[in-house]
$ cat data-v5.txt   # compact mmCIF, C-alpha atoms and all ligand atoms
# COMPACT_ATOMS: atom_id res chain seq x y z
CA MET A 1 109.07 57.77 142.96
CA SER A 2 107.53 58.67 139.66
CA GLU A 3 109.63 60.78 137.38
CA GLN A 4 108.60 64.42 137.09
CA LEU A 5 107.54 65.06 133.50
CA THR A 6 107.90 68.48 131.94
CA GLY A 7 107.34 70.17 128.60
CA LEU A 8 106.17 68.07 125.68
CA ALA A 9 106.54 64.84 127.66
CA LEU A 10 104.08 66.20 130.22
CA LEU A 11 101.61 66.95 127.42
CA ARG A 12 101.49 63.25 126.62
CA LYS A 13 100.80 62.18 130.19
CA PRO A 14 97.32 60.64 130.48
CA PHE A 15 94.77 62.94 132.08
CA PRO A 16 93.49 62.06 135.58
CA ASP A 17 89.88 60.86 135.82
CA ASN A 18 88.70 64.11 137.39
CA GLN A 19 89.75 66.00 134.23
CA ILE A 20 87.98 63.65 131.87
CA SER A 21 84.46 64.60 130.92
CA LYS A 22 81.76 62.24 129.74
CA LEU A 23 79.78 63.06 126.66
CA PRO A 24 76.55 61.08 126.56
CA LYS A 25 75.47 59.97 123.11
CA PRO A 26 72.03 58.40 123.07
CA TYR A 27 71.80 55.43 120.71
CA LYS A 28 68.71 56.96 119.14
CA LYS A 29 67.98 60.59 118.47
CA ASP A 30 64.42 60.39 119.73
CA SER A 31 65.07 58.22 122.78
CA GLN A 32 63.28 59.22 125.96
CA LYS A 33 65.22 61.39 128.38
CA GLY A 34 65.86 60.35 131.93
CA ASN A 35 68.25 60.68 134.86
CA CYS A 36 71.45 58.89 133.93
CA LYS A 37 73.08 56.76 136.62
CA GLU A 38 76.42 56.80 134.83
CA CYS A 39 77.04 60.53 134.45
CA GLY A 40 74.36 62.05 136.65
CA GLY A 41 73.00 64.04 133.72
CA TYR A 42 69.56 64.18 132.16
CA HIS A 43 69.59 62.97 128.59
CA GLY A 44 68.24 60.41 126.13
CA LEU A 45 68.61 56.83 127.38
CA PRO A 46 70.16 54.40 126.83
CA ALA A 47 73.36 56.15 125.81
CA VAL A 48 77.01 55.44 125.33
CA HIS A 49 79.40 57.83 127.10
CA LEU A 50 82.46 59.11 125.28
CA SER A 51 85.40 60.29 127.35
CA TYR A 52 87.00 63.56 126.39
CA VAL A 53 89.14 66.31 127.87
CA GLY A 54 87.37 69.64 127.93
CA HIS A 55 88.75 73.02 126.96
CA ALA A 56 89.55 74.09 130.55
CA ALA A 57 91.42 70.90 131.48
CA LEU A 58 93.38 71.01 128.23
CA THR A 59 94.30 74.68 128.77
CA ASP A 60 95.43 73.84 132.30
CA ARG A 61 97.73 71.14 130.93
CA LEU A 62 99.08 73.38 128.17
CA LEU A 63 99.97 76.00 130.79
CA ASP A 64 101.69 73.36 132.94
CA CYS A 65 103.74 72.26 129.93
CA ASP A 66 104.63 75.70 128.69
CA PRO A 67 103.31 78.93 130.30
CA ALA A 68 104.09 80.70 127.01
CA TRP A 69 102.08 78.31 124.80
CA THR A 70 100.12 80.01 122.09
CA TRP A 71 97.85 79.39 119.13
CA GLU A 72 96.92 81.44 116.10
CA PRO A 73 94.68 80.94 113.09
CA LEU A 74 96.51 79.59 110.08
CA ALA A 75 95.13 82.38 107.91
CA LEU A 76 93.33 85.71 108.33
CA ASP A 77 90.85 87.24 105.91
CA ASP A 78 91.11 90.79 104.59
CA LYS A 79 89.24 92.10 107.65
CA GLY A 80 91.72 90.44 109.98
CA TYR A 81 89.39 87.65 111.13
CA PRO A 82 90.35 83.95 111.13
CA VAL A 83 89.52 82.25 107.86
CA ILE A 84 86.65 79.78 108.14
CA ASP A 85 86.59 77.22 105.36
CA GLY A 86 83.59 76.06 103.31
CA ASN A 87 82.80 73.37 105.88
CA GLY A 88 82.68 75.85 108.75
CA GLY A 89 86.05 74.72 110.03
CA MET A 90 89.18 76.61 111.01
CA TRP A 91 92.85 75.62 110.80
CA ILE A 92 95.10 76.74 113.62
CA LYS A 93 98.75 76.65 114.55
CA LEU A 94 99.42 75.47 118.09
CA THR A 95 102.86 76.22 119.51
CA VAL A 96 104.08 74.46 122.66
CA CYS A 97 107.69 74.54 123.83
CA GLY A 98 108.71 76.09 120.54
CA VAL A 99 107.14 73.29 118.46
CA THR A 100 104.28 74.24 116.11
CA ARG A 101 101.68 71.80 114.80
CA LEU A 102 98.48 72.31 112.87
CA GLY A 103 95.00 71.53 114.08
CA TYR A 104 91.51 71.75 112.66
CA GLY A 105 88.25 72.42 114.45
CA ASP A 106 84.65 72.94 113.50
CA ALA A 107 81.61 74.27 115.28
CA GLN A 108 79.86 70.88 115.50
CA GLY A 109 76.65 72.40 114.18
CA LYS A 110 76.62 75.30 116.65
CA THR A 111 75.80 78.79 115.44
CA GLY A 112 76.32 82.36 116.62
CA GLY A 113 79.02 83.35 119.09
CA ASP A 114 79.22 79.86 120.53
CA ALA A 115 80.21 78.51 117.14
CA MET A 116 83.56 80.27 117.18
CA LYS A 117 84.31 79.15 120.74
CA GLU A 118 83.43 75.60 119.80
CA ARG A 119 85.72 75.81 116.76
CA ILE A 120 88.61 77.07 118.88
CA GLY A 121 88.18 74.39 121.55
CA ASP A 122 87.80 71.69 118.91
CA ALA A 123 90.86 72.91 116.98
CA LEU A 124 92.96 73.08 120.15
CA ARG A 125 91.99 69.52 121.11
CA ASN A 126 92.78 68.39 117.58
CA ALA A 127 96.14 70.16 117.47
CA ALA A 128 97.04 69.04 121.01
CA MET A 129 96.30 65.46 119.96
CA ARG A 130 99.13 65.86 117.42
CA PHE A 131 101.36 66.36 120.45
CA GLY A 132 99.88 63.25 122.04
CA ALA A 133 97.55 65.02 124.49
CA ALA A 134 94.69 62.72 125.57
CA LEU A 135 95.66 60.39 122.76
CA ASP A 136 94.36 57.38 124.66
CA LEU A 137 90.88 58.93 124.74
CA TRP A 138 90.88 59.72 121.03
CA HIS A 139 91.98 56.21 120.39
CA LYS A 140 88.92 54.66 122.02
CA GLY A 141 86.53 56.27 119.61
CA GLU A 142 85.81 59.29 117.51
CA LEU A 143 85.26 62.31 119.70
CA HIS A 144 82.74 64.89 118.65
CA VAL A 145 81.52 67.26 121.28
CA GLU A 146 78.08 67.48 119.82
CA PRO A 147 75.24 65.60 121.45
CA GLU A 148 73.09 65.87 118.32
CA ALA A 149 75.64 64.17 116.11
CA GLN A 150 74.44 61.65 113.54
CA GLU A 151 73.85 58.22 114.93
CA PRO A 152 76.17 55.66 113.33
CA SER A 153 74.52 52.86 111.41
CA ALA A 154 74.42 49.35 112.86
CA ASP A 155 77.22 48.34 110.51
CA GLU A 156 79.36 51.29 111.56
CA LYS A 157 78.76 50.54 115.22
CA GLN A 158 79.74 46.94 114.70
CA ALA A 159 82.88 47.95 112.81
CA GLN A 160 83.77 50.44 115.55
CA ALA A 161 83.27 47.83 118.25
CA ALA A 162 85.37 45.30 116.34
CA LYS A 163 88.16 47.86 115.89
CA LEU A 164 88.01 48.78 119.57
CA ILE A 165 88.35 45.18 120.66
CA ALA A 166 91.15 44.56 118.15
CA ASP A 167 92.97 47.65 119.47
CA TRP A 168 92.73 46.49 123.07
CA ARG A 169 93.86 42.99 122.15
CA GLY A 170 96.79 44.52 120.27
CA LYS A 171 97.75 46.55 123.34
CA LEU A 172 97.63 43.44 125.51
CA GLU A 173 99.75 41.51 123.03
CA ALA A 174 102.30 44.33 122.89
CA VAL A 175 103.11 44.45 126.61
CA THR A 176 106.50 43.19 127.65
CA HIS A 177 106.02 42.88 131.37
CA ILE A 178 103.44 41.27 133.59
CA ALA A 179 102.89 44.50 135.58
CA GLN A 180 102.28 46.36 132.33
CA LEU A 181 99.74 43.72 131.38
CA ALA A 182 97.78 44.36 134.57
CA GLU A 183 97.99 48.09 133.93
CA VAL A 184 96.59 47.80 130.41
CA TRP A 185 93.91 45.41 131.66
CA ARG A 186 92.70 47.97 134.21
CA THR A 187 92.21 50.57 131.46
CA ILE A 188 90.03 48.31 129.35
CA PRO A 189 86.35 49.19 129.82
CA LYS A 190 84.59 46.58 131.96
CA ALA A 191 82.14 45.74 129.20
CA LEU A 192 84.97 44.83 126.84
CA GLN A 193 87.08 42.85 129.28
CA PRO A 194 85.34 39.50 128.66
CA LEU A 195 86.13 39.87 124.94
CA CYS A 196 89.81 40.46 125.69
CA LEU A 197 90.18 37.87 128.45
CA GLU A 198 91.58 35.12 126.24
CA THR A 199 94.21 37.46 124.79
CA LYS A 200 95.20 38.58 128.27
CA ASN A 201 95.52 35.01 129.57
CA THR A 202 97.56 33.96 126.55
CA ARG A 203 99.93 36.92 126.96
CA LYS A 204 100.17 36.30 130.68
CA ALA A 205 101.17 32.69 130.11
CA GLN A 206 103.75 33.81 127.53
CA LEU A 207 105.24 36.38 129.89
CA LEU A 208 105.41 33.87 132.71
CA GLY A 209 106.97 31.34 130.39
CA GLU A 210 104.18 28.85 130.90
CA PRO A 211 102.26 27.03 128.22
CA ALA A 212 99.02 28.88 127.40
ZN ZN B 301 74.82 59.87 131.19
$ encode --input "data-v5.txt" --output "structure tokens" --more "lines below"
Ligand SMILES: [Zn+2]
Amino acid sequence: MSEQLTGLALLRKPFPDNQISKLPKPYKKDSQKGNCKECGGYHGLPAVHLSYVGHAALTDRLLDCDPAWTWEPLALDDKGYPVIDGNGGMWIKLTVCGVTRLGYGDAQGKTGGDAMKERIGDALRNAAMRFGAALDLWHKGELHVEPEAQEPSADEKQAQAAKLIADWRGKLEAVTHIAQLAEVWRTIPKALQPLCLETKNTRKAQLLGEPA
């Protein structure tokens, strides 16, 4: 029987797959669009898919944790509107179970009415991350809900990939039980598993008390 989490502990619970959205990010801005087998969408291919928790799923979780959760802008201007900083971003205060933490969101290049909604959703995700919500997803890579975002340079991509692999290896090395090892292993993306295999086998041997 799994223990029933509530409140702030529940906020940290990993989101189920059906609440995780995939944001396709084509490797090149001008790549040809096509039907994607991975996400079922129509976008530039090939693309990497970033996992993120959308506004609705996050709101659902916040309500489960604390039906009285609330957020407010950190500051209001003299007309009573939320203050938007010089970078188009907004600071918010998110309060869950009586605990308040700050978050920051921007419009990810959107304009008009959608810009404010994007800012709010982005700020809520950012603030909720400070409570540990969907932390595992943030950890895997920078999340920006903006398909037109700047493509990272080859060096940046390589550095990101190296960090990702180092992170997964670190997680494998940190486990203290063989069942936990299998659990971590299952969460490692298939494409990265071969690069972490040696670390896993070494840790497995250590946990079983056998020579590696
Ligand atoms: Zn796709």
$ residues_around --input "data-v5.txt" --residues "Asn201 (chain A)" --least-positions-apart "4" --cutoff "12 Å" --atoms "all atoms listed in the file" --output "list in words"
Arg169, Leu172, Glu173, Ile178, Leu181, Ala182, Trp185, Gln193, Pro194, Leu195, Cys196, Leu197, Ala205, Gln206, Leu207, Leu208, Glu210, Pro211 and Ala212 of chain A
$ closest_atom_pairs --input "data-v5.txt" --of "chain A" --to "ligand ZN 301 (chain B)" --cutoff "7 Å" --atoms "only C-alpha atoms and all ligand atoms" --output "Markdown table"
| residue | atom | partner | partner_atom | distance |
| --- | --- | --- | --- | --- |
| A:Pro24 | CA | B:ZN301 | ZN | 5.1 |
| A:Cys36 | CA | B:ZN301 | ZN | 4.5 |
| A:Lys37 | CA | B:ZN301 | ZN | 6.5 |
| A:Glu38 | CA | B:ZN301 | ZN | 5.0 |
| A:Cys39 | CA | B:ZN301 | ZN | 4.0 |
| A:Gly40 | CA | B:ZN301 | ZN | 5.9 |
| A:Gly41 | CA | B:ZN301 | ZN | 5.2 |
| A:Tyr42 | CA | B:ZN301 | ZN | 6.9 |
| A:His43 | CA | B:ZN301 | ZN | 6.6 |
| A:Ala47 | CA | B:ZN301 | ZN | 6.7 |
| A:His49 | CA | B:ZN301 | ZN | 6.5 |
$ residues_around --input "data-v5.txt" --residues "region 130-136 of chain A" --least-positions-apart "6" --cutoff "8 Å" --atoms "only C-alpha atoms" --output "CSV table (one decimal) with C-alpha atoms, in the frame of the given file"
chain,number,residue,atom,x,y,z
A,8,LEU,CA,106.2,68.1,125.7
A,11,LEU,CA,101.6,67.0,127.4
A,12,ARG,CA,101.5,63.2,126.6
A,13,LYS,CA,100.8,62.2,130.2
A,14,PRO,CA,97.3,60.6,130.5
A,15,PHE,CA,94.8,62.9,132.1
A,52,TYR,CA,87.0,63.6,126.4
A,53,VAL,CA,89.1,66.3,127.9
A,101,ARG,CA,101.7,71.8,114.8
A,102,LEU,CA,98.5,72.3,112.9
A,103,GLY,CA,95.0,71.5,114.1
$ axis_aligned_box --input "data-v5.txt" --around "region 22-32 of chain A" --padding-each-side "3 Å" --output "AutoDock Vina command-line options"
--center_x 72.5 --center_y 59.2 --center_z 124.1 --size_x 24.5 --size_y 13.6 --size_z 17.3
$ residues_around --input "data-v5.txt" --residues "Leu45 (chain A)" --least-positions-apart "2" --cutoff "9 Å" --atoms "only C-alpha atoms" --output "PyMOL selection string"
chain A and resi 25-28+31-36+42-43+47-48
$ atom_distance --input "data-v5.txt" --atom1 "CA of Met90 (chain A)" --atom2 "CA of Asp106 (chain A)"
6.3 Å
$ atom_distance --input "data-v5.txt" --atom1 "CA of Ala162 (chain A)" --atom2 "CA of Tyr104 (chain A)"
27.4 Å
$ decode --input "data-v5.txt" --residues "region 44-194 of chain A" --atoms "C-alpha atoms" --output "PDB file, in the first residue's frame"
ATOM      1  CA  GLY A  44       9.535  20.650 -37.938  1.00  0.00           C
ATOM      2  CA  LEU A  45      11.478  17.376 -38.039  1.00  0.00           C
ATOM      3  CA  PRO A  46      13.666  16.009 -36.631  1.00  0.00           C
ATOM      4  CA  ALA A  47      12.917  17.403 -33.199  1.00  0.00           C
ATOM      5  CA  VAL A  48      13.700  16.759 -29.588  1.00  0.00           C
ATOM      6  CA  HIS A  49      10.679  16.577 -27.254  1.00  0.00           C
ATOM      7  CA  LEU A  50      10.802  18.293 -23.886  1.00  0.00           C
ATOM      8  CA  SER A  51       8.514  17.034 -21.153  1.00  0.00           C
ATOM      9  CA  TYR A  52       6.586  19.588 -19.175  1.00  0.00           C
ATOM     10  CA  VAL A  53       3.488  19.885 -17.026  1.00  0.00           C
ATOM     11  CA  GLY A  54       0.916  22.224 -18.507  1.00  0.00           C
ATOM     12  CA  HIS A  55      -1.083  24.901 -16.742  1.00  0.00           C
ATOM     13  CA  ALA A  56      -4.214  22.732 -16.324  1.00  0.00           C
ATOM     14  CA  ALA A  57      -2.397  19.724 -14.864  1.00  0.00           C
ATOM     15  CA  LEU A  58      -0.446  21.951 -12.492  1.00  0.00           C
ATOM     16  CA  THR A  59      -3.627  23.733 -11.354  1.00  0.00           C
ATOM     17  CA  ASP A  60      -5.258  20.355 -10.765  1.00  0.00           C
ATOM     18  CA  ARG A  61      -2.350  19.329  -8.540  1.00  0.00           C
ATOM     19  CA  LEU A  62      -2.332  22.631  -6.659  1.00  0.00           C
ATOM     20  CA  LEU A  63      -6.037  22.174  -5.901  1.00  0.00           C
ATOM     21  CA  ASP A  64      -5.421  18.614  -4.701  1.00  0.00           C
ATOM     22  CA  CYS A  65      -2.691  19.875  -2.374  1.00  0.00           C
ATOM     23  CA  ASP A  66      -4.554  22.869  -1.053  1.00  0.00           C
ATOM     24  CA  PRO A  67      -8.037  23.897  -2.299  1.00  0.00           C
ATOM     25  CA  ALA A  68      -7.312  27.398  -0.948  1.00  0.00           C
ATOM     26  CA  TRP A  69      -4.017  27.859  -2.846  1.00  0.00           C
ATOM     27  CA  THR A  70      -3.550  31.288  -4.295  1.00  0.00           C
ATOM     28  CA  TRP A  71      -1.146  33.484  -6.207  1.00  0.00           C
ATOM     29  CA  GLU A  72      -0.757  37.216  -6.563  1.00  0.00           C
ATOM     30  CA  PRO A  73       1.590  39.524  -8.430  1.00  0.00           C
ATOM     31  CA  LEU A  74       4.525  40.666  -6.340  1.00  0.00           C
ATOM     32  CA  ALA A  75       3.798  44.299  -7.197  1.00  0.00           C
ATOM     33  CA  LEU A  76       1.007  46.369  -8.753  1.00  0.00           C
ATOM     34  CA  ASP A  77       1.420  49.547 -10.766  1.00  0.00           C
ATOM     35  CA  ASP A  78      -0.462  52.762 -10.036  1.00  0.00           C
ATOM     36  CA  LYS A  79      -3.391  51.557 -12.178  1.00  0.00           C
ATOM     37  CA  GLY A  80      -3.652  48.363 -10.159  1.00  0.00           C
ATOM     38  CA  TYR A  81      -2.202  46.074 -12.842  1.00  0.00           C
ATOM     39  CA  PRO A  82       0.620  43.584 -12.202  1.00  0.00           C
ATOM     40  CA  VAL A  83       4.037  45.110 -12.737  1.00  0.00           C
ATOM     41  CA  ILE A  84       5.810  43.765 -15.818  1.00  0.00           C
ATOM     42  CA  ASP A  85       9.559  44.254 -15.731  1.00  0.00           C
ATOM     43  CA  GLY A  86      11.821  45.526 -18.522  1.00  0.00           C
ATOM     44  CA  ASN A  87      12.259  41.993 -19.862  1.00  0.00           C
ATOM     45  CA  GLY A  88       8.512  41.412 -20.144  1.00  0.00           C
ATOM     46  CA  GLY A  89       8.498  39.206 -17.078  1.00  0.00           C
ATOM     47  CA  MET A  90       6.362  39.186 -13.955  1.00  0.00           C
ATOM     48  CA  TRP A  91       7.183  38.166 -10.382  1.00  0.00           C
ATOM     49  CA  ILE A  92       4.478  36.392  -8.429  1.00  0.00           C
ATOM     50  CA  LYS A  93       3.883  35.074  -4.947  1.00  0.00           C
ATOM     51  CA  LEU A  94       2.503  31.539  -4.848  1.00  0.00           C
ATOM     52  CA  THR A  95       0.959  30.419  -1.564  1.00  0.00           C
ATOM     53  CA  VAL A  96       0.267  26.731  -0.918  1.00  0.00           C
ATOM     54  CA  CYS A  97      -0.616  25.340   2.508  1.00  0.00           C
ATOM     55  CA  GLY A  98       0.281  28.669   4.073  1.00  0.00           C
ATOM     56  CA  VAL A  99       3.797  28.703   2.553  1.00  0.00           C
ATOM     57  CA  THR A 100       4.625  31.516   0.111  1.00  0.00           C
ATOM     58  CA  ARG A 101       7.380  31.359  -2.487  1.00  0.00           C
ATOM     59  CA  LEU A 102       8.294  33.636  -5.356  1.00  0.00           C
ATOM     60  CA  GLY A 103       8.187  32.756  -9.025  1.00  0.00           C
ATOM     61  CA  TYR A 104       8.993  34.502 -12.266  1.00  0.00           C
ATOM     62  CA  GLY A 105       7.398  34.069 -15.660  1.00  0.00           C
ATOM     63  CA  ASP A 106       7.673  35.671 -19.051  1.00  0.00           C
ATOM     64  CA  ALA A 107       5.572  35.631 -22.178  1.00  0.00           C
ATOM     65  CA  GLN A 108       8.070  33.578 -24.216  1.00  0.00           C
ATOM     66  CA  GLY A 109       7.805  36.029 -27.090  1.00  0.00           C
ATOM     67  CA  LYS A 110       4.007  36.003 -27.205  1.00  0.00           C
ATOM     68  CA  THR A 111       2.108  39.258 -27.568  1.00  0.00           C
ATOM     69  CA  GLY A 112      -1.397  40.546 -26.906  1.00  0.00           C
ATOM     70  CA  GLY A 113      -3.787  38.901 -24.476  1.00  0.00           C
ATOM     71  CA  ASP A 114      -2.036  35.560 -24.759  1.00  0.00           C
ATOM     72  CA  ALA A 115       1.157  37.122 -23.455  1.00  0.00           C
ATOM     73  CA  MET A 116      -0.293  37.696 -19.997  1.00  0.00           C
ATOM     74  CA  LYS A 117      -1.722  34.178 -19.817  1.00  0.00           C
ATOM     75  CA  GLU A 118       1.622  32.764 -20.855  1.00  0.00           C
ATOM     76  CA  ARG A 119       3.362  34.860 -18.186  1.00  0.00           C
ATOM     77  CA  ILE A 120       0.983  33.609 -15.495  1.00  0.00           C
ATOM     78  CA  GLY A 121       1.338  29.955 -16.493  1.00  0.00           C
ATOM     79  CA  ASP A 122       5.107  30.292 -16.744  1.00  0.00           C
ATOM     80  CA  ALA A 123       5.349  32.065 -13.376  1.00  0.00           C
ATOM     81  CA  LEU A 124       3.149  29.444 -11.694  1.00  0.00           C
ATOM     82  CA  ARG A 125       5.285  26.612 -13.069  1.00  0.00           C
ATOM     83  CA  ASN A 126       8.402  28.449 -11.928  1.00  0.00           C
ATOM     84  CA  ALA A 127       7.045  29.135  -8.446  1.00  0.00           C
ATOM     85  CA  ALA A 128       5.626  25.610  -8.105  1.00  0.00           C
ATOM     86  CA  MET A 129       9.059  24.249  -8.995  1.00  0.00           C
ATOM     87  CA  ARG A 130      10.325  25.996  -5.841  1.00  0.00           C
ATOM     88  CA  PHE A 131       7.953  23.680  -3.986  1.00  0.00           C
ATOM     89  CA  GLY A 132       9.350  20.722  -5.910  1.00  0.00           C
ATOM     90  CA  ALA A 133       6.476  20.343  -8.392  1.00  0.00           C
ATOM     91  CA  ALA A 134       7.601  18.506 -11.542  1.00  0.00           C
ATOM     92  CA  LEU A 135      11.170  19.006 -10.419  1.00  0.00           C
ATOM     93  CA  ASP A 136      12.289  15.853 -12.196  1.00  0.00           C
ATOM     94  CA  LEU A 137      11.123  17.308 -15.514  1.00  0.00           C
ATOM     95  CA  TRP A 138      12.887  20.617 -14.975  1.00  0.00           C
ATOM     96  CA  HIS A 139      15.968  18.708 -14.095  1.00  0.00           C
ATOM     97  CA  LYS A 140      16.175  16.953 -17.450  1.00  0.00           C
ATOM     98  CA  GLY A 141      16.529  20.170 -19.370  1.00  0.00           C
ATOM     99  CA  GLU A 142      15.570  23.781 -19.555  1.00  0.00           C
ATOM    100  CA  LEU A 143      11.858  24.131 -20.140  1.00  0.00           C
ATOM    101  CA  HIS A 144      10.600  26.945 -22.276  1.00  0.00           C
ATOM    102  CA  VAL A 145       7.118  26.639 -23.629  1.00  0.00           C
ATOM    103  CA  GLU A 146       7.956  28.416 -26.817  1.00  0.00           C
ATOM    104  CA  PRO A 147       8.411  26.416 -29.996  1.00  0.00           C
ATOM    105  CA  GLU A 148      10.238  29.288 -31.686  1.00  0.00           C
ATOM    106  CA  ALA A 149      12.917  29.493 -29.027  1.00  0.00           C
ATOM    107  CA  GLN A 150      16.518  30.027 -30.084  1.00  0.00           C
ATOM    108  CA  GLU A 151      18.273  26.887 -31.127  1.00  0.00           C
ATOM    109  CA  PRO A 152      21.221  26.123 -28.845  1.00  0.00           C
ATOM    110  CA  SER A 153      24.636  26.045 -30.461  1.00  0.00           C
ATOM    111  CA  ALA A 154      26.400  22.731 -31.033  1.00  0.00           C
ATOM    112  CA  ASP A 155      28.633  23.448 -28.050  1.00  0.00           C
ATOM    113  CA  GLU A 156      25.653  24.199 -25.822  1.00  0.00           C
ATOM    114  CA  LYS A 157      23.896  21.040 -26.952  1.00  0.00           C
ATOM    115  CA  GLN A 158      26.974  18.998 -26.220  1.00  0.00           C
ATOM    116  CA  ALA A 159      27.346  20.594 -22.786  1.00  0.00           C
ATOM    117  CA  GLN A 160      23.659  19.962 -22.055  1.00  0.00           C
ATOM    118  CA  ALA A 161      23.949  16.334 -23.119  1.00  0.00           C
ATOM    119  CA  ALA A 162      27.071  15.855 -21.001  1.00  0.00           C
ATOM    120  CA  LYS A 163      25.341  17.393 -17.975  1.00  0.00           C
ATOM    121  CA  LEU A 164      22.282  15.221 -18.520  1.00  0.00           C
ATOM    122  CA  ILE A 165      24.342  12.050 -18.625  1.00  0.00           C
ATOM    123  CA  ALA A 166      26.376  13.132 -15.585  1.00  0.00           C
ATOM    124  CA  ASP A 167      23.117  13.820 -13.708  1.00  0.00           C
ATOM    125  CA  TRP A 168      21.710  10.398 -14.504  1.00  0.00           C
ATOM    126  CA  ARG A 169      24.967   8.697 -13.558  1.00  0.00           C
ATOM    127  CA  GLY A 170      24.938  10.641 -10.294  1.00  0.00           C
ATOM    128  CA  LYS A 171      21.396   9.460  -9.575  1.00  0.00           C
ATOM    129  CA  LEU A 172      22.401   5.862 -10.234  1.00  0.00           C
ATOM    130  CA  GLU A 173      25.424   6.194  -7.969  1.00  0.00           C
ATOM    131  CA  ALA A 174      23.295   7.701  -5.203  1.00  0.00           C
ATOM    132  CA  VAL A 175      20.815   4.833  -4.876  1.00  0.00           C
ATOM    133  CA  THR A 176      21.051   2.731  -1.760  1.00  0.00           C
ATOM    134  CA  HIS A 177      18.911  -0.210  -2.744  1.00  0.00           C
ATOM    135  CA  ILE A 178      18.777  -2.524  -5.716  1.00  0.00           C
ATOM    136  CA  ALA A 179      15.035  -1.895  -6.252  1.00  0.00           C
ATOM    137  CA  GLN A 180      15.697   1.835  -6.274  1.00  0.00           C
ATOM    138  CA  LEU A 181      18.385   1.267  -8.883  1.00  0.00           C
ATOM    139  CA  ALA A 182      15.891  -0.438 -11.175  1.00  0.00           C
ATOM    140  CA  GLU A 183      13.433   2.378 -10.574  1.00  0.00           C
ATOM    141  CA  VAL A 184      15.935   5.074 -11.535  1.00  0.00           C
ATOM    142  CA  TRP A 185      17.017   3.023 -14.538  1.00  0.00           C
ATOM    143  CA  ARG A 186      13.449   2.900 -15.849  1.00  0.00           C
ATOM    144  CA  THR A 187      13.213   6.706 -15.765  1.00  0.00           C
ATOM    145  CA  ILE A 188      16.348   7.204 -17.837  1.00  0.00           C
ATOM    146  CA  PRO A 189      15.442   7.968 -21.459  1.00  0.00           C
ATOM    147  CA  LYS A 190      16.112   4.959 -23.685  1.00  0.00           C
ATOM    148  CA  ALA A 191      18.566   6.887 -25.821  1.00  0.00           C
ATOM    149  CA  LEU A 192      20.724   7.669 -22.790  1.00  0.00           C
ATOM    150  CA  GLN A 193      20.642   4.234 -21.187  1.00  0.00           C
ATOM    151  CA  PRO A 194      23.643   2.849 -23.103  1.00  0.00           C
TER     152      PRO A 194
END
